[in-house]
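Participant: This is the structure I want to talk about, given as C-alpha cells.
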Amino acid sequence: MLKTRPKDTPYWWEAAQPFRYSSDEIDSNFDVAIVGAGYAGLCAALYLARAGRKVQLFEREKLGFGASSRNGGFTSGNIRPDNKSLIRKFGIERAKKIAAEGHQARRYLIDFIAQEKINADFQLVGRFCGAMTRAEYDELARSAELLEREEGIESYGVPSNEVHRHIATDIYAGGSVRMDIGGLHPAKFHAELIRLVLAEGVKIHGECRVERVVQGSDKHTIITEKGSVFARDVLVCTNGYTDHSDRWLRQRLVPLRSRIIATEELGEERVKSLVPGLKMLTDTRAMSYYFRPSPDGKRILFGGRDVTSKGDPAYATERNFTELCHVFPELQGVNISHSWFGYVAMNRDMVPRIFKRGAIHYATGFCGSGVVWAPWIGMKVAQKITGMPESESCFDFRPPRLVPTWRGKAWFMPVVFANLARKDRKVEAAAAKERLLEKSANFQNVEK
Ligand SMILES: Cc1cc2nc3c(=O)[nH]c(=O)nc-3n(C[C@H](O)[C@H](O)[C@H](O)COP(=O)(O)OP(=O)(O)OC[C@H]3O[C@@H](n4cnc5c(N)ncnc54)[C@H](O)[C@@H]3O)c2cc1C
C-alpha cells in the first residue's frame, strides 16, 4: 500500500522538463516538413539539415512532451517477435538481416552519443534478464552463448547461485547478461537532440499541431493550426502520439500505455545492495516488466503495462509497486516519488518501420524500443529522402496492416493482455513449485 501520493509527471522531468519553444516565424517554402519532435523527428532533422536541406519541425505540444522524454532509457533495441516468429513471417534471410541491423543500430547510438558529445548520463552497464523457471534459464543461457559465439557480443548465462551478483532477489531461477545494452537519461537525451538540431538551423515550431497534409505533384501543403506552408518532402514521426490528423496512420497503430514508478531516494549503498552492477533489468514474464537504477544510482525505477481500473491511476501505480516489491520484498514501505505513463506504438507485426504512402514518408512503430530504433530509423529515412545509397534498410518496407477496431479502439487488446497474464500466472506457479522442491531438497541434504 502506498503511503503518499506520487507526482504524476516523469521523474526525468526534474532534470529536463518540456518547454515552450517556437522559432520566429514559419517559412512558407522549404524542403522538408517533419511532424513530431521526438527522437525520430529530431534525428531525421539533424541528418537532413547536415545534408543541406531546409527543414522545419512541427510539434503539437511543448518540446519534450511525447514518449521520448518519458521512457525507461534502456538502449535495448529489442525486436518484439522472437527469432522463430521472425523466420516464420519473413523467412530466414530477412530475419538474419533484422537481427544484424539491430546490432548496427545499437552500435550507432553508442557512437552517436560519443561523437556528438551528448550529455545524457549514458552508461553501457549491460542488461540482466531474469528467468522465472529452469527451462527458461536453459533457453536464455543457450541464446547468450549463441550471441557471443556468432555476433561477438559479450553475453553469458547466469546460473541461479550467481543471480545475487546482479540482483538481490530470490524469484529468478537464473538469468542472462548481455553487455551491448545500457541506459541513458531519456529527457536529457531529448534536450540534447534539440540543441544539436537548432545548431544546424532547423526551425522548430512547438505547440503547432499539423492538422492535415495535402499531397501535390511536386510540393505538398502542410496545414498547421498556425497557417499553411509548402514543402517538397513530408515526414511523419508521431508514433504512439499519432492523432486523428492522420487517420490512415492512426488505424495502423495501437497506442499502449506503459507506466513507470520511481522510488524516493534510497541512497547509493542501498541501491547497490539491490543491483550490485547497476545493470538494466528485465525478466522473461510475458507482461514485460523493465526496471533499473536511476542514472545517479539513488533510486529504482520500475516499469510495466499501465493497467488502469476504471481510469484510476492509483490502481496502476499500486500494481507496479506490488510487482516491484515482488522482486525486492525489502522495498515494502518505501515511498514512491513519481508515477507516470506514456504511449508506445505497436503495429500488427511488431516490427519498426520506414515506409511511404503516396509522397509522404513515415518512421514509426517502435513497439516500446525506440531509444535505439527511433534515432536509427530517423537517420535511415533521412538518407532515403536525400537519395543516399546507404539508406537501404530491412525496416523499409510495406506499411503496417490495418488494425481491427471497434469504435476506434483495438477491441482485441484486453484479450491479448488476459492471455499474457494467464501465461505469467502459469509460469509463476511452475516457478514457485520449483523453488519449493529445491528448498525441500536442501532441507533433506542438511538433515542427512
Ligand atoms: C513509459 C515508456 C517507457 C518506455 N521505455 C523505453 C525504453 O526503456 N527503451 C526504449 O527503447 N524505448 C522505450 N519506450 C519507447 C520510446 O520512448 C519510443 O519508442 C520513442 O520515444 C518514440 O520516439 P518518436 O520520436 O517516434 O515519438 P515521440 O517521442 O512519442 O514523439 C512523437 C511526437 O509527435 C507529436 N505529434 C503527434 N501528433 C502531432 C501532430 N498532428 N502535429 C504535430 N505533432 C504531433 C507528439 O506530440 C509527440 O511529441 C518507452 C515508452 C514509454 C511511453
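Each chain in the C-alpha cells gets a letter, A, B and so on, in the order shown; residues start at 1 in every chain, and ligands are counted from 1 in the order they appear.
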Among region 62-297 of chain A, which residues carry a DSSP assignment of strand (DSSP E or B), reported as number ranges by chain?

Facilitator: A: 63, 74, 123, 127-130, 155-159, 174-178, 183, 203-205, 210-214, 220-224, 227-236, 254-263, 280-283, 290-293

Participant: I want to know what sits within 8 Å of region 336-349 of chain A, based on only C-alpha atoms, with residues of the same chain fewer than 2 positions away left out; could you give that as a ChimeraX atom specification?

Facilitator: /A:2,4-11,66-67,70-71,81,239-241,252-264,306,317,334,351,364-368,400-403

Participant: Show which residues sit within 6 Å of Ala374 (chain A), as a PyMOL selection string. Count only C-alpha atoms, and ignore same-chain residues fewer than 3 positions away.

Facilitator: chain A and resi 39-40+370+377-378

Participant: As an exercise, work out the distance from CA of Arg134 (chain A) to CA of Gly175 (chain A) in Å and give it to one decimal place.

Facilitator: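 Calculated distance between CA of Arg134 (chain A) and CA of Gly175 (chain A) is 9.4 Å.
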
Participant: Smallest atom-to-atom distance to Gly297 (chain A): which of A:Asn83, A:Lys54, A:Trp411, A:Glu268, using only C-alpha atoms?

Facilitator: A:Glu268

Participant: Fewer than 3 positions away in the same chain doesn't count, so skip those; otherwise give me all residues within 12 Å of Thr224 (chain A), counting only C-alpha atoms, as a list in words.

Facilitator: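 Listed by chain and then number, they are Ile26, Ser28, Ala33, Ile34, Val35, Leu57, Phe58, Glu59, Arg60, His205, Gly206, Glu207, Cys208, Arg209, Val210, Glu211, Arg212, Val213, Val214, Thr221, Gly227, Ser228, Val229, Phe230 and Ser245 of chain A.
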
Participant: Please list as a list of chain:residue names every residue within 10 Å of Arg270 (chain A), counting only C-alpha atoms and excluding residues in the same chain fewer than 5 positions away.

Facilitator: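 That gives A:Glu265, A:Val275, A:Pro276, A:Gly297, A:Lys298, A:Arg299.
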
Participant: Leaving out Phe189 (chain A) and any residue of its chain fewer than 5 positions from it, which residues lie within 9 Å of it when counting only C-alpha atoms, given as JSON, numbers by chain?

Facilitator: {"A": [39, 68, 69, 113, 118, 119, 120, 121, 122, 184, 194]}

Participant: What is the CA of Gln251 (chain A)-CA of Phe19 (chain A) distance in Å, reported with one decimal?

Facilitator: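 Those two atoms sit 29.9 Å apart.
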
Participant: Using Å and a single decimal, report how far CA of Tyr172 (chain A) sits from CA of Leu331 (chain A).

Facilitator: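 Computed distance, CA of Leu331 (chain A) to CA of Tyr172 (chain A), equals 17.3 Å.
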
Participant: Pick from A:Arg247, A:Arg232, A:Arg149, A:His166: nearest to ligand 1, with only C-alpha atoms and all ligand atoms counted?

Facilitator: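 Nearest to ligand 1: A:Arg247.
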
Participant: Residues at most 6 Å from Ala363 (chain A), counting only C-alpha atoms, excluding those fewer than 2 positions away in the same chain, as a PyMOL selection string?

Facilitator: chain A and resi 237+353-354

Participant: Just checking: using only C-alpha atoms and all ligand atoms, which residue out of A:Val371, A:Leu140, A:Ala131, A:Leu193 ends up closest to ligand 1?

Facilitator: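 Ranked by minimum distance to ligand 1, first place goes to A:Val371.
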
Participant: Which residues of region 301-400 of chain A sit at most 9 Å from region 289-296 of chain A, using only C-alpha atoms? Give each one's shortest atom pair and distance in Å (one decimal place), in chain and ascending residue order, as JSON lines.

Facilitator:
{"residue": "A:Leu301", "atom": "CA", "partner": "A:Arg292", "partner_atom": "CA", "distance": 5.4}
{"residue": "A:Phe302", "atom": "CA", "partner": "A:Phe291", "partner_atom": "CA", "distance": 4.3}
{"residue": "A:Gly303", "atom": "CA", "partner": "A:Tyr290", "partner_atom": "CA", "distance": 5.1}
{"residue": "A:Gly304", "atom": "CA", "partner": "A:Tyr289", "partner_atom": "CA", "distance": 4.7}
{"residue": "A:Arg305", "atom": "CA", "partner": "A:Tyr289", "partner_atom": "CA", "distance": 7.6}
{"residue": "A:Asn320", "atom": "CA", "partner": "A:Tyr289", "partner_atom": "CA", "distance": 9.0}
{"residue": "A:Glu323", "atom": "CA", "partner": "A:Tyr289", "partner_atom": "CA", "distance": 8.6}
{"residue": "A:Leu324", "atom": "CA", "partner": "A:Phe291", "partner_atom": "CA", "distance": 8.5}

Participant: Between A:Leu42, A:Leu278, A:Leu235, A:Ala16, which one has atoms that come closest to Ala191 (chain A), using only C-alpha atoms?

Facilitator: A:Ala16

Participant: Have a look at A:Glu330, A:Asp180, A:Asp396, A:Asp246 and name the one nearest to ligand 1; count only C-alpha atoms and all ligand atoms.

Facilitator: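 Smallest distance to ligand 1 is found for A:Asp246.
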